[in-house]
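These notes are about the structure you will find just below.
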Number of protein chains: 2
Amino acid sequence: MSIPVSSHLVSLRSATLSEDIAQQLSSAIVKGDIPQGSKISEPELAKQYGVSRGPLREAIVKLEGLGLVTRTANVGARVIQLNLQDMLDTFTMREALEGMAARLAADTMPASEVNNLYDLLDKHQAHLDDNQDEHYLQQGGNDDFHLRIIHASQNAKLIRLLTEELYSVIRMYRRHTADQRSDPRQALREHRAILDAIANHEGDLAELLMRRHISRASQLLKQAMEHSERASH
Amino acid sequence: MSIPVSSHLVSLRSATLSEDIAQQLSSAIVKGDIPQGSKISEPELAKQYGVSRGPLREAIVKLEGLGLVTRTANVGARVIQLNLQDMLDTFTMREALEGMAARLAADTMPASEVNNLYDLLDKHQAHLDDNQDEHYLQQGGNDDFHLRIIHASQNAKLIRLLTEELYSVIRMYRRHTADQRSDPRQALREHRAILDAIANHEGDLAELLMRRHISRASQLLKQAMEHSERASH
DNA sequence: AAATCCAATATTGTCGACAATCTAACTTGA
DNA sequence: TCAAGTTAGATTGTCGACAATATTGGATTT
C-alpha cells in the first residue's frame with residue numbers, strides 16, 4: 001500500500017533530518033494523508049522520504065510524545081484512532097487551560113494587542129458578511145483568535161502544550177469529521193465577549209466566558225459525532 | 001567527568017533497551033544524580049549503560065518530549081535548568097488542570113473511593129501526630145492525595161499529562177530546593193476540605209478549593225525560592 | 001473443514017562505522 | 001598582549017548490516 005506523501009523531502013530547512021521527517025510526518029498525519037489507525041512501516045517510509053531508518057525512528061518517537069502515534073514494542077507504530085471519548089477529554093483540557101490563558105491574558109495583555117484583536121474580530125465579521133459559506137476560517141494561522149489568547153498568557157509551558165500537542169490532535173479530528181462549527185456568528189459573538197472581558201481586565205469573567213465558549217463547542221462536537229456514528233450504523 | 005549513575009542496567013525489564021534507558025535516565029535526572037544544566041554526553045552515557053548510541057538517542061528524544069532535557073542540533077542535550085519562572089508556570093498549569101480534575105472527581109468518584117481517601121487522610125493525620133518531622137510524606141506514591149484525585153477524573157489525557165510530564169518536573173525541583181511545605185497541617189486541612197466538597201458532589205466548590213490550595217503552594221514556593229536566591233547573592 | 005503447528009518471510013531493535021559539525025587549543029599577526 | 005584564523009580533536013547525525021521478534025502462509029492432524 002502506497003501512502004500519498006507530498007514527495008521526497010522537497011526542501012529540507014531544519015538542521016537535522018530527524019526534525020524534518022518529524023515535521024513532515026506530523027503534517028501528513030494531521031492532514032489525513034496518512035489515515036487514522038494505519039500502520040507506520042519503517043522500511044516503507046524510509047524509502048519514501050529517502051532517509052535511513054535511524055532518523056525516521058527518532059521522528060516516530062517524537063510523534064509518540066506528541067500523541068499522534070502509538071507504539072508497541074517489536075510490533076511498530078500506528079497512527080492514533082480518534083474516538084469520541086478522546087476528543088471530549090481533549091476539549092475538557094482545553095477548557096481548563098484556555099480558560100486559564102484567558103484569565104492570564106486579562107492581566108497582562110497590552111492595550112495595543114487588545115486593539116489588534118478587535119481589528120481581527122472585525123475582519124472575521126467582514127468575512128462572514130461577504131462570504132456565504134458558513135466557515136469561520138480560523139484554521140490555526142496567526143488569525144486564530146484562540147491562539148492569540150493563548151500566546152497572550154505568556155506562560156511558555158502552557159503555550160507549548162496547547163499549540164504543539166493538543167491543537168495538532170484537534171486539527172486532525174477536524175479533517176475527518178467535517179464539523180465546522182454550526183453557527184459561526186454565535187462563535188464570533190462569544191469571542192467578542194471574551195475580548196471585552198480581557199480589555200476590562202476582568203480575569204474571572206474572561207475565564208468563565210472562555211470555558212463556556214469551549215464547553216459549547218464540545219457539546220456541538222459530541223452531538224455531531226454521535227449523529228455521524230448513528231448514521232454509519 | 002563521571003556522572004554518578006546507579007549502575008550498568010542492573011535489571012532490564014522493559015521489552016526494549018530504549019525504554020529502559022529512558023526510564024533510568026529520567027529517574028537519574030529527577031533524583032538529581034545527573035545535575036541540572038549538565039550536558040548529556042552520548043558516548044559517555046552509552047558506555048556507562050553498556051548500550052550503543054542508537055537506543056540511547058531514542059531515549060533522549062523521549063526525555064525531550066517529557067521536558068526533562070533540551071536539545072540543540074549538532075550540539076547535544078542538556079538537563080533542563082529550572083528557574084523560578086518555569087516553576088510558577090508549571091504551578092499555574094497544575095492549578096488549571098488539577099482544579100478541573102477535582103471538579104470531574106466530584107461528579108464521578110464512587111462512595112467507596114471517597115471513603116478510601118478519608119482513610120488516607122486519617123493516616124496522614126496520624127503520621128503528622130506521631131512524627132515530629134514536619135514532612136507531609138506524599139512523595140508521589142499511591143498515598144499521594146493529589147494523584148488520587150487526578151486519577152479519579154477518569155480523563156486519560158489529563159492523567160497522563162499531569163503524572164508523566166508535569167509531576168516529574170515538580171519532583172525534580174523538590175530535590176533541589178529542599179522546600180517541603182512549611183505548614184503540612186494546613187495542607188492536610190485543605191485536603192480535607194477538598195474531599196468534603198467531592199463527597200458532596202459539589203464540583204464548583206471542589207475546583208475552587210483545589211485551585212486555592214495549589215495557588216497557596218505556589219505562593220510559598222515563590223517566597224522560598226526568592227529567599228534562597230537572595231541568600232545566594 | 002477447521003484448528004494447530006511450523007517454517008519462511010518481513011519488520012523491528014540494536015550495533016558499529018563513517019560523515020558532518022562543533023569545540024578547543026594552538027598559531028599567527030597586529 | 002590580545003584578537004582572529006586555523007587546525008586537531010571530539011561529538012553529533014546518518015547510514016547500512018545483523019540479531020531478535022512478530023507475522024504470514026502453508027502443511028499436518030483430527
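Starting from 1 in every chain, residues are counted up; chains themselves are A, B, ... following the order of the C-alpha cells, and ligands are numbered from 1 as listed.
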>> Contacts from chain B to chain C, 9 Å maximum, only C-alpha atoms (C1' of nucleotides): show me the residue list as a list in words.
In response: Thr16, Leu17, Ser18, Val51, Ser52, Arg53, Gly54, Pro55, Asn74 and Val75 of chain B
Include C-alpha atoms and write out the residues we just selected as a short mmCIF file (atom, residue, chain, number, x, y, z; two decimals), in the first residue's frame.
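Full text of result39.cif as output:
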```
data_model
loop_
_atom_site.label_atom_id
_atom_site.label_comp_id
_atom_site.auth_asym_id
_atom_site.auth_seq_id
_atom_site.Cartn_x
_atom_site.Cartn_y
_atom_site.Cartn_z
CA THR B 16 13.25 -2.69 24.60
CA LEU B 17 16.55 -1.17 25.60
CA SER B 18 15.40 2.26 24.60
CA VAL B 51 24.40 0.12 25.06
CA SER B 52 25.02 1.63 21.68
CA ARG B 53 24.11 5.19 20.86
CA GLY B 54 21.03 4.21 18.85
CA PRO B 55 18.61 3.36 21.64
CA ASN B 74 24.68 19.34 16.32
CA VAL B 75 25.43 20.38 19.87
#
```
Chain D contacts on chain B, only C-alpha atoms (C1' of nucleotides), 12 Å, as a CSV table (one decimal) with C-alpha atoms, in the first residue's frame:
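Written file, out30.csv:
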```csv
chain,number,residue,atom,x,y,z
B,15,ALA,CA,10.9,-5.1,26.2
B,16,THR,CA,13.2,-2.7,24.6
B,39,LYS,CA,25.5,18.1,29.4
B,40,ILE,CA,24.3,14.7,28.2
B,41,SER,CA,27.2,13.1,26.5
B,42,GLU,CA,26.1,10.3,24.2
B,43,PRO,CA,29.4,8.4,24.1
B,44,GLU,CA,29.8,8.6,27.9
B,53,ARG,CA,24.1,5.2,20.9
B,54,GLY,CA,21.0,4.2,18.8
B,57,ARG,CA,19.4,8.7,21.4
B,71,ARG,CA,18.4,19.6,22.7
B,72,THR,CA,20.1,21.7,20.1
B,73,ALA,CA,21.1,20.4,16.7
B,74,ASN,CA,24.7,19.3,16.3
B,75,VAL,CA,25.4,20.4,19.9
B,76,GLY,CA,23.6,17.9,22.1
B,77,ALA,CA,21.3,17.6,25.0
```
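Near chain B, counting only C-alpha atoms at 8 Å, the chain A residues are A:Ala15, A:Thr16, A:Gly54, A:Arg57, A:Glu58, A:Val61, A:Lys62, A:Gly65, A:Leu66, A:Ala73, A:Asp86, A:Asp89, A:Thr90, A:Met93, A:Ala96, A:Leu97, A:Met100, A:Asn155, A:Ala156, A:Lys157, A:Leu158.
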>> From a backbone DSSP assignment, name each residue in region 23-148 of chain B labelled strand (DSSP E or B), as a ChimeraX atom specification.
In response: /B:39-40,69-72,76-79
Identify, with DSSP run on backbone atoms, the residues in region 52-124 of chain A assigned to alpha helix (DSSP H), and express the list as a short mmCIF file (atom, residue, chain, number, x, y, z; two decimals) with N, CA, C and O atoms, in the first residue's frame.
```cif
data_model
loop_
_atom_site.label_atom_id
_atom_site.label_comp_id
_atom_site.auth_asym_id
_atom_site.auth_seq_id
_atom_site.Cartn_x
_atom_site.Cartn_y
_atom_site.Cartn_z
N ARG A 53 16.64 4.43 8.41
CA ARG A 53 15.66 4.22 9.47
C ARG A 53 16.03 4.94 10.76
O ARG A 53 15.16 5.17 11.61
N GLY A 54 17.28 5.27 10.92
CA GLY A 54 17.70 5.93 12.16
C GLY A 54 16.92 7.19 12.46
O GLY A 54 16.17 7.25 13.44
N PRO A 55 17.11 8.24 11.67
CA PRO A 55 16.36 9.48 11.93
C PRO A 55 14.86 9.29 11.86
O PRO A 55 14.12 9.96 12.59
N LEU A 56 14.41 8.36 11.00
CA LEU A 56 12.97 8.11 10.93
C LEU A 56 12.45 7.62 12.27
O LEU A 56 11.40 8.08 12.75
N ARG A 57 13.16 6.71 12.88
CA ARG A 57 12.71 6.20 14.18
C ARG A 57 12.69 7.31 15.22
O ARG A 57 11.75 7.40 16.03
N GLU A 58 13.70 8.17 15.21
CA GLU A 58 13.67 9.28 16.16
C GLU A 58 12.44 10.15 15.93
O GLU A 58 11.82 10.62 16.88
N ALA A 59 12.11 10.35 14.68
CA ALA A 59 10.92 11.15 14.39
C ALA A 59 9.68 10.47 14.95
O ALA A 59 8.80 11.12 15.52
N ILE A 60 9.60 9.16 14.80
CA ILE A 60 8.43 8.43 15.29
C ILE A 60 8.34 8.54 16.81
O ILE A 60 7.25 8.74 17.36
N VAL A 61 9.48 8.42 17.48
CA VAL A 61 9.48 8.59 18.94
C VAL A 61 8.94 9.97 19.31
O VAL A 61 8.15 10.11 20.25
N LYS A 62 9.36 10.97 18.54
CA LYS A 62 8.89 12.32 18.82
C LYS A 62 7.37 12.41 18.64
O LYS A 62 6.65 12.99 19.47
N LEU A 63 6.88 11.82 17.55
CA LEU A 63 5.43 11.86 17.31
C LEU A 63 4.67 11.13 18.41
O LEU A 63 3.56 11.51 18.76
N GLU A 64 5.27 10.09 18.93
CA GLU A 64 4.62 9.38 20.04
C GLU A 64 4.47 10.34 21.22
O GLU A 64 3.43 10.39 21.86
N GLY A 65 5.52 11.12 21.47
CA GLY A 65 5.45 12.09 22.56
C GLY A 65 4.37 13.13 22.32
O GLY A 65 3.76 13.63 23.27
N LEU A 66 4.13 13.45 21.06
CA LEU A 66 3.09 14.43 20.74
C LEU A 66 1.71 13.79 20.73
O LEU A 66 0.71 14.48 20.55
N LEU A 84 -14.69 9.38 20.13
CA LEU A 84 -15.40 10.49 20.76
C LEU A 84 -14.84 10.80 22.13
O LEU A 84 -14.63 11.97 22.49
N GLN A 85 -14.56 9.75 22.91
CA GLN A 85 -14.08 9.98 24.27
C GLN A 85 -12.77 10.77 24.27
O GLN A 85 -12.59 11.70 25.05
N ASP A 86 -11.85 10.40 23.38
CA ASP A 86 -10.58 11.12 23.32
C ASP A 86 -10.82 12.60 23.03
O ASP A 86 -10.20 13.47 23.64
N MET A 87 -11.71 12.87 22.10
CA MET A 87 -11.94 14.27 21.75
C MET A 87 -12.58 15.02 22.92
O MET A 87 -12.21 16.16 23.21
N LEU A 88 -13.50 14.39 23.60
CA LEU A 88 -14.13 15.06 24.74
C LEU A 88 -13.09 15.31 25.83
O LEU A 88 -13.07 16.39 26.44
N ASP A 89 -12.22 14.33 26.05
CA ASP A 89 -11.17 14.53 27.04
C ASP A 89 -10.28 15.71 26.65
O ASP A 89 -9.89 16.52 27.50
N THR A 90 -9.96 15.76 25.38
CA THR A 90 -9.10 16.86 24.92
C THR A 90 -9.79 18.21 25.12
O THR A 90 -9.18 19.18 25.56
N PHE A 91 -11.06 18.25 24.82
CA PHE A 91 -11.78 19.51 24.99
C PHE A 91 -11.89 19.90 26.46
O PHE A 91 -11.88 21.08 26.80
N THR A 92 -12.00 18.91 27.31
CA THR A 92 -12.02 19.23 28.75
C THR A 92 -10.71 19.90 29.16
O THR A 92 -10.71 20.87 29.93
N MET A 93 -9.61 19.39 28.64
CA MET A 93 -8.32 20.01 28.97
C MET A 93 -8.22 21.40 28.37
O MET A 93 -7.71 22.33 29.00
N ARG A 94 -8.72 21.54 27.14
CA ARG A 94 -8.73 22.88 26.55
C ARG A 94 -9.51 23.83 27.44
O ARG A 94 -9.11 24.98 27.64
N GLU A 95 -10.65 23.36 27.92
CA GLU A 95 -11.49 24.22 28.74
C GLU A 95 -10.70 24.74 29.93
O GLU A 95 -10.69 25.94 30.23
N ALA A 96 -10.01 23.83 30.62
CA ALA A 96 -9.24 24.23 31.79
C ALA A 96 -8.09 25.16 31.39
O ALA A 96 -7.89 26.22 32.02
N LEU A 97 -7.36 24.79 30.36
CA LEU A 97 -6.12 25.51 30.04
C LEU A 97 -6.40 26.83 29.33
O LEU A 97 -5.78 27.86 29.63
N GLU A 98 -7.30 26.82 28.38
CA GLU A 98 -7.58 28.08 27.68
C GLU A 98 -8.36 29.03 28.58
O GLU A 98 -8.24 30.25 28.44
N GLY A 99 -9.14 28.48 29.47
CA GLY A 99 -9.78 29.34 30.46
C GLY A 99 -8.72 30.07 31.28
O GLY A 99 -8.77 31.29 31.46
N MET A 100 -7.73 29.32 31.72
CA MET A 100 -6.63 29.93 32.46
C MET A 100 -5.89 30.94 31.59
O MET A 100 -5.52 32.03 32.06
N ALA A 101 -5.69 30.59 30.34
CA ALA A 101 -4.98 31.52 29.43
C ALA A 101 -5.75 32.83 29.32
O ALA A 101 -5.16 33.93 29.34
N ALA A 102 -7.06 32.75 29.22
CA ALA A 102 -7.86 33.97 29.11
C ALA A 102 -7.73 34.80 30.39
O ALA A 102 -7.61 36.04 30.34
N ARG A 103 -7.74 34.11 31.52
CA ARG A 103 -7.57 34.83 32.78
C ARG A 103 -6.23 35.56 32.81
O ARG A 103 -6.16 36.76 33.15
N LEU A 104 -5.17 34.87 32.44
CA LEU A 104 -3.85 35.49 32.45
C LEU A 104 -3.79 36.65 31.45
O LEU A 104 -3.20 37.70 31.73
N ALA A 105 -4.39 36.43 30.29
CA ALA A 105 -4.36 37.47 29.27
C ALA A 105 -5.03 38.74 29.78
O ALA A 105 -4.58 39.86 29.48
N ALA A 106 -6.08 38.57 30.58
CA ALA A 106 -6.77 39.75 31.10
C ALA A 106 -5.86 40.57 32.00
O ALA A 106 -6.02 41.79 32.11
N ASP A 107 -4.91 39.90 32.62
CA ASP A 107 -3.98 40.64 33.49
C ASP A 107 -2.93 41.40 32.70
O ASP A 107 -2.57 42.52 33.05
N THR A 108 -2.43 40.76 31.65
CA THR A 108 -1.17 41.25 31.09
C THR A 108 -1.26 41.77 29.66
O THR A 108 -0.29 42.36 29.17
N ALA A 111 -2.65 47.15 25.77
CA ALA A 111 -3.78 47.75 25.05
C ALA A 111 -3.61 47.61 23.54
O ALA A 111 -4.59 47.43 22.81
N SER A 112 -2.38 47.70 23.06
CA SER A 112 -2.16 47.61 21.61
C SER A 112 -2.64 46.26 21.08
O SER A 112 -3.32 46.20 20.05
N GLU A 113 -2.31 45.19 21.81
CA GLU A 113 -2.74 43.87 21.33
C GLU A 113 -4.25 43.72 21.44
O GLU A 113 -4.87 43.08 20.60
N VAL A 114 -4.83 44.32 22.45
CA VAL A 114 -6.30 44.29 22.56
C VAL A 114 -6.90 44.91 21.30
O VAL A 114 -7.83 44.35 20.69
N ASN A 115 -6.36 46.02 20.89
CA ASN A 115 -6.87 46.68 19.68
C ASN A 115 -6.67 45.81 18.45
O ASN A 115 -7.55 45.70 17.60
N ASN A 116 -5.50 45.21 18.36
CA ASN A 116 -5.25 44.30 17.23
C ASN A 116 -6.30 43.21 17.17
O ASN A 116 -6.79 42.85 16.09
N LEU A 117 -6.66 42.71 18.34
CA LEU A 117 -7.63 41.61 18.35
C LEU A 117 -9.03 42.11 17.98
O LEU A 117 -9.78 41.40 17.31
N TYR A 118 -9.36 43.31 18.41
CA TYR A 118 -10.65 43.86 17.96
C TYR A 118 -10.66 43.99 16.44
O TYR A 118 -11.65 43.65 15.78
N ASP A 119 -9.55 44.45 15.87
CA ASP A 119 -9.47 44.54 14.41
C ASP A 119 -9.63 43.16 13.78
O ASP A 119 -10.33 43.00 12.77
N LEU A 120 -8.99 42.19 14.41
CA LEU A 120 -9.08 40.83 13.87
C LEU A 120 -10.52 40.35 13.85
O LEU A 120 -11.00 39.78 12.86
N LEU A 121 -11.24 40.59 14.95
CA LEU A 121 -12.62 40.14 15.01
C LEU A 121 -13.47 40.89 13.98
O LEU A 121 -14.39 40.32 13.40
N ASP A 122 -13.15 42.18 13.77
CA ASP A 122 -13.86 42.93 12.72
C ASP A 122 -13.63 42.26 11.36
O ASP A 122 -14.54 42.14 10.54
N LYS A 123 -12.40 41.85 11.15
CA LYS A 123 -12.07 41.17 9.89
C LYS A 123 -12.89 39.89 9.75
O LYS A 123 -13.44 39.59 8.68
N HIS A 124 -12.97 39.15 10.82
CA HIS A 124 -13.77 37.92 10.79
C HIS A 124 -15.23 38.25 10.47
O HIS A 124 -15.88 37.56 9.70
#
```
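Here the question is which of A:Gly32, A:Pro110, A:Gly50, A:Gly37 gets nearest to Asn200 (chain A) using only C-alpha atoms, and that residue is A:Pro110.
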